[in-house]
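A.B. asks: For reference, the structure I am asking about is given below.
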Amino acid sequence: FNSFDEINNLQYCNNLKQLTLLDNGLKCLTNLAPISMTLRILRITDQNLTSIDNINYQLPNLIELYLYRNYIKSINISTFNYLPHLKILWLTQNQLVDLPIHLTTYLPDLQILNL
């Protein structure tokens, strides 16, 4: 069990396609810019995330996003504006009250949604 509040030093992972972080105590999704163009799969589970509103501009080629077992309460629809290739979205076991209306409009390639 590695413990850290944020992700650092990804500038050395220029070809990273998949990133999995499990039970690290992560509180925010920042510093993903160095892997933004190569990352396809992101798994951030069993963390302390309360928001994902800052990932939209950082991961334009993401196709799978797993954010289960966090503390996310709501999601701003603009979060999905720049995730046009997202096919899988897992948000189960969070504290979501509702989902943004017209979610599928912003995620035209979405095939699997797990709540």
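Going by the structure tokens order, chains are called A, B, ..., each with residues numbered from 1, while ligands are numbered from 1 in the order shown.
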Pick out the residues sitting within 9 Å of Leu19 in chain A, and hand them over as a list in words; count only C-alpha atoms, and ignore anything fewer than 6 positions along from it in its own chain.
C.D. replies: Leu39, Arg40, Ile41, Leu42, Arg43 and Ile44 of chain A
A.B. asks: Determine which residues of chain A receive a DSSP assignment of helix (DSSP H, G or I), computed from the backbone, and state them as a list in words.
C.D. replies: Leu10, Gln11, Tyr12, Ala33, Pro34, Ile35, Ile77, Ser78, Thr79, Phe80, Leu103, Thr104, Thr105 and Tyr106 of chain A
A.B. asks: Do you know which residues are at most 12 Å from range 67-72 of chain A counting only C-alpha atoms, after dropping those on the same chain fewer than 4 positions away, and could you put them as a ChimeraX atom specification?
C.D. replies: /A:20-29,41-53,55,76,88-99,113-115
A.B. asks: If I take CA of Leu10 in chain A and CA of Glu64 in chain A, how far is one from the other in Å, to one decimal?
C.D. replies: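 Result for CA of Leu10 in chain A versus CA of Glu64 in chain A: 19.0 Å, one decimal.
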A.B. asks: For Thr30 in chain A, list every protein, DNA or RNA residue within 9 Å, evaluated using only C-alpha atoms, and leave out those in the same chain fewer than 6 positions away; present the list as JSON, numbers by chain.
C.D. replies: {"A": [6, 7, 8, 54, 55, 58]}
A.B. asks: For the strand (DSSP E or B) assignment from backbone DSSP, which residues of range 2-113 of chain A qualify? Please present them as JSON, numbers by chain.
C.D. replies: {"A": [18, 19, 20, 21, 22, 41, 42, 43, 44, 45, 64, 65, 66, 88, 89, 90, 112, 113]}
A.B. asks: Using only C-alpha atoms, pick whichever of A:Ala33, A:Leu65, A:Leu110, A:Ile101 has the shortest atom-to-atom distance to Pro84 in chain A.
C.D. replies: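 For Pro84 in chain A, the nearest of the candidates is A:Leu110.
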A.B. asks: If you count only C-alpha atoms, which residues fall within 10 Å of Thr38 in chain A, apart from same-chain ones fewer than 4 positions away, as a short mmCIF file (atom, residue, chain, number, x, y, z; two decimals) with C-alpha atoms, in the first residue's frame?
C.D. replies:
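Contents of the output file result_28.cif:
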data_model
loop_
_atom_site.label_atom_id
_atom_site.label_comp_id
_atom_site.auth_asym_id
_atom_site.auth_seq_id
_atom_site.Cartn_x
_atom_site.Cartn_y
_atom_site.Cartn_z
CA CYS A 13 6.48 7.64 -18.69
CA ASN A 14 6.21 8.97 -22.23
CA ASN A 15 4.64 5.81 -23.70
CA LEU A 16 2.32 4.84 -20.86
CA LYS A 17 -0.94 3.37 -22.16
CA GLN A 18 -2.49 2.12 -18.93
CA PRO A 34 2.87 14.10 -19.46
CA LEU A 59 -6.89 12.81 -21.38
CA PRO A 60 -8.35 13.24 -24.87
CA ASN A 61 -7.52 9.67 -26.02
CA LEU A 62 -8.86 7.81 -23.01
#
A.B. asks: CA of Ser78 in chain A and CA of Leu103 in chain A, how far apart in Å?
C.D. replies: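 We find that CA of Leu103 in chain A and CA of Ser78 in chain A lie 9.9 Å from each other.
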A.B. asks: Mind checking which residues fall within 8 Å of Asp109 in chain A, counting only C-alpha atoms, ignoring those fewer than 2 positions away in the same chain, and posting them as a VMD selection string?
C.D. replies: chain A and resid 84 to 87 107 111
A.B. asks: Between CA of Ile35 in chain A and CA of Ser3 in chain A, what is the distance in Å, rounded to a tenth?
C.D. replies: 21.0 Å
